[in-house]
Protein chains: 2
Amino acid sequence: MTTLEDLNDADRGRFVEQVAGLYDGAVWLAERAAQRRPYRSPAHLKHTLAELVRNAEADARMSLLKQHRPAPATDDATPEHAQRLQHLAADYLTRFGHAIVVAPGPRGTPLSATELIAECERRLDDHADVERDECLRQLHRIAELRLNRLLGTEPELGNVVWNWAEHLAQHSDPGHAEQGQLTVTYLTDAHRACAQRLSHWMRQHCGFDEVGIDAVGNVVGVYHGSDPDAPRLLTGSHYDTVRNGGKYDGRLGILVPMACVRELHRAGRRLPFGLEVVGFAEEEGQRYKATFLGSGALVGQFDEAWLDQADADGITMRQAMQHAGLCIDDIPKLRRDPSRYLGFVEVHIEQGPVLNEIDLPLGVVTSINGSVRYLGEIAGTASHAGTTPMDRRRDAAAAVAELVLVGTVGMLEVPSGSINVVPGRCRFSLDLRATTNEARDELTRDVLAALASICERRGVRCKVEETMRADAAPSAPPWQRRWERAVDAAGLPVHRLPSGAGHDAMKLHELMPQAMLFVRGEHAGISHNPLESTTSDDMQLAVDAFAHLLQQVAHNDEQTT
Amino acid sequence: MTTLEDLNDADRGRFVEQVAGLYDGAVWLAERAAQRRPYRSPAHLKHTLAELVRNAEADARMSLLKQHRPAPATDDATPEHAQRLQHLAADYLTRFGHAIVVAPGPRGTPLSATELIAECERRLDDHADVERDECLRQLHRIAELRLNRLLGTEPELGNVVWNWAEHLAQHSDPGHAEQGQLTVTYLTDAHRACAQRLSHWMRQHCGFDEVGIDAVGNVVGVYHGSDPDAPRLLTGSHYDTVRNGGKYDGRLGILVPMACVRELHRAGRRLPFGLEVVGFAEEEGQRYKATFLGSGALVGQFDEAWLDQADADGITMRQAMQHAGLCIDDIPKLRRDPSRYLGFVEVHIEQGPVLNEIDLPLGVVTSINGSVRYLGEIAGTASHAGTTPMDRRRDAAAAVAELVLVGTVGMLEVPSGSINVVPGRCRFSLDLRATTNEARDELTRDVLAALASICERRGVRCKVEETMRADAAPSAPPWQRRWERAVDAAGLPVHRLPSGAGHDAMKLHELMPQAMLFVRGEHAGISHNPLESTTSDDMQLAVDAFAHLLQQVAHNDEQTT
């Protein structure tokens, strides 16, 4: 068994030998890493190795890929599987010039033959640059697992969180569950089962003192502090999902603090303040158009009109809530009194590529971006593609095309378009975000002015309708600093980034100071997608950071009292 | 009663008085027109007036619009109609600075109150430049009707064609007829009724000697020549329509030669050659993917595989043909022997803005453009719009947007797009055309290379599938010259233009020399749209031109024999 201290203190040759082995004998890499000693933590070493690779010469990076020795096929492979994998490997080699690198699953467990085939098929379609970077990241993941073995460490709490997330993901709405898709929308059977499981774990596995499901379906667990009158720290995230979503979006922010409470309870420790962990029932607005319903209720923003909205099957929200046994009359009582809280913190998977790209497991959020959304339609003149000269066209799609190159257009359609008809209409959406309300409004003015000038020049007419406007939520500096210290304590560089996505913290922001911690997502941070994932190692770091933040608050509080 | 000769010979004052009245007293216009005398035909005078307006100072053009005295409301207007029209008139004046100009319908009949309201509502949405030009064209049309009255002339054969077109348009497919839409697809009841009507008119109203419906549903009428062994002239166009299409696309090319035969038969005249007029059963490829089925059969290109294609209701083409009593086995016999034909000519509505814009009722086609069509899909990476920085996106729609600015993209869709998701996929069509095959192929190479470079730069992948490739069909010079002489004989300048659209003549081109005549479409030449229209006056000129062409051929033939 080797320790990190051994590696820091080892002579250069011994260090190089051990570290080169993490990457199938990459001596050049280990030599560069040797110069960066001492390492403050295994995470520090892993990040430095990845950074050295990222900044290395292209040839050196390619040599890593070429000299990688893939693990043998899994035991469950049938001859058909083996044959298919052989074909895929050949195609892959032809396309990219090296063998595919596939790390084991998030917890280090090997992929099954079917999973491996799906992975190869999917990645064969990738762009060459994307795929090369993905292979390098998979190499880093393999190196991480090897380093864990070398150091004899296991991300135990990360594994606990991983197990919980897997268990929760067994519940999925009808019509999705059958296809292996994860979909948990407000107050379906699967959704209520998730609430039940979370309550059970909080009570039985973690030692929360009070656990209940509130009037909108939020799961609320409280771990009492040594001073029952001291203001509590509020935390949590949502447990509903988008359709065919991932296992970590929202849920990670419930499970990470649960793991911390589990450890506090095991150690018989009490913090000087209470910790209140909320699993928000609804954030995604999938079954009903009522995003942030769960966290909204805590800030007194439950809209009574929502109750009469019907879902796709005609079931109103009121009926769904009554069916779930929720006490609608009590909803107004859910509003929290800010004087009873220290603040709100939220852990969330990044849902973006930033941390993944710089090989950092954690990032600190500076602000949740403000946003504004529009639905629009441009009306030009439908005309015959063959007979209308280019300079005589009033092409609605061409006008929208210019807009697509300016702002985010996620929905785009020429209704009933024909191959030989110049588009007379084109529908689109527009999503604009910025770190402050002022920057958002300035951006909006610029983009709408650009749209107006495009339409004037092309002789088409445009209608846009604002469908959403959300304020920016800058992080509270003292809470942001606590996250920064927690990341630094893990031996990692502090990377600050805005959150482009909305989160429950955005709602709580209206009532109390808030700050968020982001956890790297695998696969370039893909989210709202079954490929969304993170690893036990990254989740362990998130648990550690959360525990560190709790200690900082406890320490501050002790100092001030 | 005044004649054109009177106008040509009148003293300047008298000319100005009469011609200024055509435009509500536009003396400046009449004075300029007086200098251009003598006029070879009323069409020549009308065209010259329009040309003088087009080239006049902007102020002078605006004065025409401002001094126009609109006709009083129609008799059928209820008080509600009158009120609505008053509102629309006020809105229109605010938007454009002058009153709307609305000419009577295609045959000179007044619009009903409902038609007038619909016209005002539609045009209120027009771009200002478009609408000003449209008003001027409506003024020219009003002037044309006034000139007809002044000269005591009526476009009698144009009216016959107009009547026929209106009658045919009474037949429309189920689901469309109820909504007042014209849709006639291959071998539906409406389609077979059209064939029946055409046959009936050919036989009973026009005096064709042989009339029949062939094995694919083409209506074939033959007017014998004085020499039964002489090669025939072949002409015609299609009687099927696109969905919610216009009344003239295709049909005009059947009805115009029918009107000529009607006149020949009434006068008891025989040409030295037979005239074979074909109403092609299918050109648009709407019910089955089998465009140019009708004319294709005449050149031996019926594809047996088509028979097993099913329509949207699961009815195969074979079943549809059997149900219509067509003898599938006889299809190969439809192939024409080119040695038995002089050539093929086709009259067609332009379906584009060119003739409309230069105020010319007729144009001579130089070539039917070659074309190539693709369906494509770009695969990028769907990602969260809020969390994926702009420079990290692989936005499929943004890649297609760049293509939209290069070539004609008529179909465009982000499948299941969401307002807050960067598009991971985008489907599109691409339609490229050019006057020769060489130019088309060069264009195709350039556009596909541009697409490849867009995809490379954006890190997305693209698949394109060629779905159609049609050769260019340059007009046969002797036949093009005959059309040119016919246009010149009408006193009009000869305007030559390529056809961007495909036409039945393209198919016949493979077997015999061909040339086409275009007739101006109203409303900027809009086609594949219920607004597609032409006037009795323009159709009269087309009948006259066709008759002139027949005389030229007869004369040539007499000279050579």
# chains A, B, ... in the order shown; residues from 1 in each chain; ligands from 1
call {"tool": "residues_around", "arguments": {"residues": "segment 534-544 of chain B", "least_positions_apart": "3", "cutoff": "6 Å", "atoms": "only C-alpha atoms", "output": "VMD selection string"}}
result
chain B and resid 106 to 107 155 157 to 159 256 361 521 to 522 547
call {"tool": "residues_around", "arguments": {"residues": "Ile117 of chain A", "least_positions_apart": "3", "cutoff": "9 Å", "atoms": "only C-alpha atoms", "output": "list in words"}}
result
His81, Arg84, Leu85, Leu88, Ser112, Ala113, Thr114, Cys120, Glu121 and Arg122 of chain A
call {"tool": "write_last_selection", "arguments": {"atoms": "N, CA and C atoms", "output": "mmCIF file, in the first residue's frame"}}
result
data_model
loop_
_atom_site.group_PDB
_atom_site.id
_atom_site.type_symbol
_atom_site.label_atom_id
_atom_site.label_comp_id
_atom_site.auth_asym_id
_atom_site.auth_seq_id
_atom_site.Cartn_x
_atom_site.Cartn_y
_atom_site.Cartn_z
ATOM 1 N N HIS A 81 -22.138 -10.760 -29.470
ATOM 2 C CA HIS A 81 -21.625 -9.522 -28.886
ATOM 3 C C HIS A 81 -20.171 -9.309 -29.283
ATOM 4 N N ARG A 84 -19.833 -8.281 -32.850
ATOM 5 C CA ARG A 84 -20.274 -6.895 -33.052
ATOM 6 C C ARG A 84 -19.214 -5.919 -32.539
ATOM 7 N N LEU A 85 -18.646 -6.246 -31.371
ATOM 8 C CA LEU A 85 -17.630 -5.372 -30.784
ATOM 9 C C LEU A 85 -16.386 -5.305 -31.665
ATOM 10 N N LEU A 88 -17.181 -3.033 -34.545
ATOM 11 C CA LEU A 88 -17.195 -1.637 -34.104
ATOM 12 C C LEU A 88 -15.780 -1.132 -33.872
ATOM 13 N N SER A 112 -21.469 -3.720 -19.066
ATOM 14 C CA SER A 112 -21.886 -4.988 -19.663
ATOM 15 C C SER A 112 -21.597 -4.937 -21.165
ATOM 16 N N ALA A 113 -21.653 -6.109 -21.811
ATOM 17 C CA ALA A 113 -21.393 -6.151 -23.256
ATOM 18 C C ALA A 113 -22.361 -5.240 -24.014
ATOM 19 N N THR A 114 -23.633 -5.261 -23.620
ATOM 20 C CA THR A 114 -24.616 -4.408 -24.309
ATOM 21 C C THR A 114 -24.320 -2.936 -24.086
ATOM 22 N N CYS A 120 -19.939 2.268 -27.875
ATOM 23 C CA CYS A 120 -19.151 2.325 -29.119
ATOM 24 C C CYS A 120 -19.993 2.889 -30.256
ATOM 25 N N GLU A 121 -21.232 2.421 -30.358
ATOM 26 C CA GLU A 121 -22.089 2.878 -31.462
ATOM 27 C C GLU A 121 -22.312 4.384 -31.374
ATOM 28 N N ARG A 122 -22.593 4.838 -30.153
ATOM 29 C CA ARG A 122 -22.862 6.255 -29.961
ATOM 30 C C ARG A 122 -21.640 7.099 -30.323
#
call {"tool": "select_by_dssp", "arguments": {"residues": "segment 290-503 of chain B", "states": "helix (DSSP H, G or I)", "output": "number ranges by chain"}}
result
B: 293-298, 304-308, 317-323, 328-334, 338-340, 354-357, 390-392, 396-404, 437-458, 477-489
call {"tool": "closest_residue", "arguments": {"among": "B:Asp303, B:Asp24, B:Glu413, B:Asp395", "to": "chain A", "atoms": "only C-alpha atoms"}}
result
B:Glu413
call {"tool": "atom_distance", "arguments": {"atom1": "atom CA of Glu119 of chain A", "atom2": "atom CA of Ala385 of chain B"}}
result
24.6 Å
call {"tool": "select_by_dssp", "arguments": {"residues": "segment 84-287 of chain A", "states": "strand (DSSP E or B)", "output": "PyMOL selection string"}}
result
chain A and resi 210-213+219-223+232-238+275-280
call {"tool": "closest_atom_pairs", "arguments": {"of": "chain A", "to": "chain B", "cutoff": "7 Å", "atoms": "only C-alpha atoms", "output": "JSON lines"}}
result
{"residue": "A:His127", "atom": "CA", "partner": "B:Gly459", "partner_atom": "CA", "distance": 5.8}
{"residue": "A:Gln351", "atom": "CA", "partner": "B:Thr387", "partner_atom": "CA", "distance": 6.3}
{"residue": "A:Gly352", "atom": "CA", "partner": "B:Thr387", "partner_atom": "CA", "distance": 4.7}
{"residue": "A:Pro353", "atom": "CA", "partner": "B:Thr388", "partner_atom": "CA", "distance": 6.3}
{"residue": "A:Ser383", "atom": "CA", "partner": "B:Ile526", "partner_atom": "CA", "distance": 5.9}
{"residue": "A:His384", "atom": "CA", "partner": "B:Ser527", "partner_atom": "CA", "distance": 6.6}
{"residue": "A:Ala385", "atom": "CA", "partner": "B:Thr408", "partner_atom": "CA", "distance": 6.9}
{"residue": "A:Gly386", "atom": "CA", "partner": "B:Gly500", "partner_atom": "CA", "distance": 3.8}
{"residue": "A:Thr387", "atom": "CA", "partner": "B:Gly500", "partner_atom": "CA", "distance": 4.5}
{"residue": "A:Thr388", "atom": "CA", "partner": "B:Gly352", "partner_atom": "CA", "distance": 5.2}
{"residue": "A:Ala398", "atom": "CA", "partner": "B:Val404", "partner_atom": "CA", "distance": 5.8}
{"residue": "A:Ala401", "atom": "CA", "partner": "B:Ala401", "partner_atom": "CA", "distance": 4.3}
{"residue": "A:Glu402", "atom": "CA", "partner": "B:Ala401", "partner_atom": "CA", "distance": 6.9}
{"residue": "A:Val404", "atom": "CA", "partner": "B:Ala398", "partner_atom": "CA", "distance": 5.8}
{"residue": "A:Leu405", "atom": "CA", "partner": "B:Ala398", "partner_atom": "CA", "distance": 5.9}
{"residue": "A:Thr408", "atom": "CA", "partner": "B:Ala385", "partner_atom": "CA", "distance": 6.9}
{"residue": "A:Val409", "atom": "CA", "partner": "B:Ile419", "partner_atom": "CA", "distance": 7.0}
{"residue": "A:Gly410", "atom": "CA", "partner": "B:Ile419", "partner_atom": "CA", "distance": 4.7}
{"residue": "A:Met411", "atom": "CA", "partner": "B:Gly417", "partner_atom": "CA", "distance": 4.6}
{"residue": "A:Leu412", "atom": "CA", "partner": "B:Val414", "partner_atom": "CA", "distance": 5.4}
{"residue": "A:Glu413", "atom": "CA", "partner": "B:Glu413", "partner_atom": "CA", "distance": 4.5}
{"residue": "A:Val414", "atom": "CA", "partner": "B:Leu412", "partner_atom": "CA", "distance": 5.4}
{"residue": "A:Gly417", "atom": "CA", "partner": "B:Met411", "partner_atom": "CA", "distance": 4.6}
{"residue": "A:Ser418", "atom": "CA", "partner": "B:Gly410", "partner_atom": "CA", "distance": 5.3}
{"residue": "A:Ile419", "atom": "CA", "partner": "B:Gly410", "partner_atom": "CA", "distance": 4.7}
{"residue": "A:Asn420", "atom": "CA", "partner": "B:Gly410", "partner_atom": "CA", "distance": 6.0}
{"residue": "A:Val421", "atom": "CA", "partner": "B:Gly410", "partner_atom": "CA", "distance": 5.3}
{"residue": "A:Val422", "atom": "CA", "partner": "B:Gly410", "partner_atom": "CA", "distance": 5.4}
{"residue": "A:Pro423", "atom": "CA", "partner": "B:Gly410", "partner_atom": "CA", "distance": 5.5}
{"residue": "A:Ser429", "atom": "CA", "partner": "B:Ile419", "partner_atom": "CA", "distance": 5.6}
{"residue": "A:Leu430", "atom": "CA", "partner": "B:Ile419", "partner_atom": "CA", "distance": 6.7}
{"residue": "A:Asp431", "atom": "CA", "partner": "B:Asn420", "partner_atom": "CA", "distance": 6.4}
{"residue": "A:Arg433", "atom": "CA", "partner": "B:Gly386", "partner_atom": "CA", "distance": 7.0}
{"residue": "A:Gly459", "atom": "CA", "partner": "B:His127", "partner_atom": "CA", "distance": 5.7}
{"residue": "A:Val460", "atom": "CA", "partner": "B:His127", "partner_atom": "CA", "distance": 6.5}
{"residue": "A:Ser499", "atom": "CA", "partner": "B:Thr387", "partner_atom": "CA", "distance": 6.4}
{"residue": "A:Gly500", "atom": "CA", "partner": "B:Gly386", "partner_atom": "CA", "distance": 3.7}
{"residue": "A:Ala501", "atom": "CA", "partner": "B:Gly386", "partner_atom": "CA", "distance": 4.7}
{"residue": "A:Ile526", "atom": "CA", "partner": "B:Ser383", "partner_atom": "CA", "distance": 6.0}
{"residue": "A:Ser527", "atom": "CA", "partner": "B:Ser383", "partner_atom": "CA", "distance": 6.8}
call {"tool": "write_last_selection", "arguments": {"atoms": "C-alpha atoms", "output": "PDB file, in the first residue's frame"}}
result
ATOM      1  CA  HIS A 127     -16.969  14.600 -34.240  1.00  0.00           C
ATOM      2  CA  GLN A 351     -25.402  20.362 -16.611  1.00  0.00           C
ATOM      3  CA  GLY A 352     -22.804  21.995 -18.817  1.00  0.00           C
ATOM      4  CA  PRO A 353     -19.341  21.304 -20.285  1.00  0.00           C
ATOM      5  CA  SER A 383     -43.365  31.171 -53.223  1.00  0.00           C
ATOM      6  CA  HIS A 384     -42.117  28.660 -55.731  1.00  0.00           C
ATOM      7  CA  ALA A 385     -38.462  27.851 -55.061  1.00  0.00           C
ATOM      8  CA  GLY A 386     -37.737  27.366 -58.743  1.00  0.00           C
ATOM      9  CA  THR A 387     -39.436  30.459 -60.082  1.00  0.00           C
ATOM     10  CA  THR A 388     -38.718  33.120 -57.493  1.00  0.00           C
ATOM     11  CA  ALA A 398     -33.745  32.908 -44.113  1.00  0.00           C
ATOM     12  CA  ALA A 401     -31.525  31.781 -39.953  1.00  0.00           C
ATOM     13  CA  GLU A 402     -29.840  35.138 -39.405  1.00  0.00           C
ATOM     14  CA  VAL A 404     -30.115  31.703 -35.122  1.00  0.00           C
ATOM     15  CA  LEU A 405     -26.580  32.955 -35.652  1.00  0.00           C
ATOM     16  CA  THR A 408     -30.183  30.671 -28.836  1.00  0.00           C
ATOM     17  CA  VAL A 409     -32.979  29.285 -30.987  1.00  0.00           C
ATOM     18  CA  GLY A 410     -34.014  25.908 -29.562  1.00  0.00           C
ATOM     19  CA  MET A 411     -37.324  25.517 -31.377  1.00  0.00           C
ATOM     20  CA  LEU A 412     -37.317  26.031 -35.116  1.00  0.00           C
ATOM     21  CA  GLU A 413     -39.872  25.008 -37.689  1.00  0.00           C
ATOM     22  CA  VAL A 414     -41.137  25.913 -41.123  1.00  0.00           C
ATOM     23  CA  GLY A 417     -42.693  23.286 -45.454  1.00  0.00           C
ATOM     24  CA  SER A 418     -42.089  21.755 -48.877  1.00  0.00           C
ATOM     25  CA  ILE A 419     -38.761  21.057 -50.511  1.00  0.00           C
ATOM     26  CA  ASN A 420     -39.589  23.337 -53.449  1.00  0.00           C
ATOM     27  CA  VAL A 421     -41.385  26.174 -51.667  1.00  0.00           C
ATOM     28  CA  VAL A 422     -39.640  29.269 -50.304  1.00  0.00           C
ATOM     29  CA  PRO A 423     -40.753  29.353 -46.653  1.00  0.00           C
ATOM     30  CA  SER A 429     -38.049  30.356 -29.870  1.00  0.00           C
ATOM     31  CA  LEU A 430     -35.439  32.654 -28.401  1.00  0.00           C
ATOM     32  CA  ASP A 431     -33.686  32.191 -25.056  1.00  0.00           C
ATOM     33  CA  ARG A 433     -29.487  34.874 -20.495  1.00  0.00           C
ATOM     34  CA  GLY A 459     -39.188  42.644 -46.242  1.00  0.00           C
ATOM     35  CA  VAL A 460     -40.757  40.173 -43.818  1.00  0.00           C
ATOM     36  CA  SER A 499     -25.129  29.105 -13.680  1.00  0.00           C
ATOM     37  CA  GLY A 500     -26.873  29.419 -17.007  1.00  0.00           C
ATOM     38  CA  ALA A 501     -29.657  27.143 -15.812  1.00  0.00           C
ATOM     39  CA  ILE A 526     -24.713  16.482 -20.935  1.00  0.00           C
ATOM     40  CA  SER A 527     -27.959  16.787 -18.966  1.00  0.00           C
TER      41      SER A 527
END
call {"tool": "atom_distance", "arguments": {"atom1": "atom CA of Ala310 of chain A", "atom2": "atom CA of Thr291 of chain A"}}
result
14.7 Å
call {"tool": "atom_distance", "arguments": {"atom1": "atom CA of Thr316 of chain B", "atom2": "atom CA of Ile328 of chain B"}}
result
13.1 Å
call {"tool": "residues_around", "arguments": {"residues": "segment 56-64 of chain B", "least_positions_apart": "3", "cutoff": "10 Å", "atoms": "only C-alpha atoms", "output": "ChimeraX atom specification"}}
result
/B:23-26,28-29,50-53,67-69,97-98,132-133,135-136,139
call {"tool": "write_last_selection", "arguments": {"atoms": "N, CA and C atoms", "output": "CSV table (one decimal), in the first residue's frame"}}
result
chain,number,residue,atom,x,y,z
B,23,TYR,N,-56.6,56.4,-65.7
B,23,TYR,CA,-55.9,56.4,-64.4
B,23,TYR,C,-56.5,57.6,-63.6
B,24,ASP,N,-57.8,57.8,-63.6
B,24,ASP,CA,-58.4,58.8,-62.8
B,24,ASP,C,-57.8,60.2,-63.0
B,25,GLY,N,-57.4,60.5,-64.3
B,25,GLY,CA,-57.0,61.8,-64.6
B,25,GLY,C,-55.5,62.1,-64.5
B,26,ALA,N,-54.7,61.1,-64.8
B,26,ALA,CA,-53.2,61.2,-64.7
B,26,ALA,C,-52.7,61.8,-66.0
B,28,TRP,N,-50.1,63.7,-66.7
B,28,TRP,CA,-48.6,63.5,-67.0
B,28,TRP,C,-48.3,62.2,-67.6
B,29,LEU,N,-49.1,61.1,-67.2
B,29,LEU,CA,-48.8,59.8,-67.7
B,29,LEU,C,-49.3,59.7,-69.2
B,50,ALA,N,-47.9,51.0,-68.2
B,50,ALA,CA,-47.3,50.4,-67.0
B,50,ALA,C,-45.8,50.7,-66.9
B,51,GLU,N,-45.2,50.6,-68.0
B,51,GLU,CA,-43.7,50.8,-68.0
B,51,GLU,C,-43.4,52.3,-67.7
B,52,LEU,N,-44.2,53.2,-68.2
B,52,LEU,CA,-44.0,54.6,-67.9
B,52,LEU,C,-44.2,54.9,-66.4
B,53,VAL,N,-45.2,54.2,-65.8
B,53,VAL,CA,-45.4,54.4,-64.4
B,53,VAL,C,-44.2,53.8,-63.6
B,67,GLN,N,-54.6,59.8,-56.0
B,67,GLN,CA,-55.8,60.4,-56.6
B,67,GLN,C,-56.8,59.3,-57.1
B,68,HIS,N,-56.4,58.0,-56.9
B,68,HIS,CA,-57.3,57.0,-57.3
B,68,HIS,C,-58.7,57.0,-56.5
B,69,ARG,N,-59.7,57.0,-57.3
B,69,ARG,CA,-61.1,57.0,-56.6
B,69,ARG,C,-61.6,55.6,-56.6
B,97,GLY,N,-50.3,55.3,-46.1
B,97,GLY,CA,-50.4,56.7,-46.5
B,97,GLY,C,-51.2,56.9,-47.7
B,98,HIS,N,-51.9,55.9,-48.2
B,98,HIS,CA,-52.9,56.1,-49.3
B,98,HIS,C,-53.9,55.0,-49.1
B,132,ARG,N,-47.1,48.8,-52.2
B,132,ARG,CA,-47.2,49.9,-53.1
B,132,ARG,C,-47.2,49.4,-54.5
B,133,ASP,N,-46.3,48.4,-54.8
B,133,ASP,CA,-46.2,47.9,-56.1
B,133,ASP,C,-47.5,47.2,-56.5
B,135,CYS,N,-50.5,47.8,-55.4
B,135,CYS,CA,-51.5,48.8,-55.7
B,135,CYS,C,-51.4,49.4,-57.1
B,136,LEU,N,-50.1,49.6,-57.5
B,136,LEU,CA,-49.9,50.1,-58.9
B,136,LEU,C,-50.3,49.1,-59.9
B,139,LEU,N,-53.9,49.2,-60.2
B,139,LEU,CA,-54.3,50.4,-61.0
B,139,LEU,C,-54.2,50.0,-62.5
call {"tool": "closest_residue", "arguments": {"among": "B:Ser367, B:Thr48, B:Gln552, B:Thr467", "to": "Glu144 of chain B", "atoms": "only C-alpha atoms"}}
result
B:Thr48
call {"tool": "residues_around", "arguments": {"residues": "Pro110 of chain A", "least_positions_apart": "4", "cutoff": "10 Å", "atoms": "only C-alpha atoms", "output": "list in words"}}
result
Ala71, Ala73, Thr74, Asp75, Val102, Ala103, Pro104, Gly105, Pro106, Glu115 and Leu116 of chain A
call {"tool": "residues_around", "arguments": {"residues": "Met512 of chain A", "least_positions_apart": "6", "cutoff": "12 Å", "atoms": "only C-alpha atoms", "output": "MDAnalysis selection string"}}
result
chainID A and resid 231:235 298:299 336:345 473:476 479 505:506
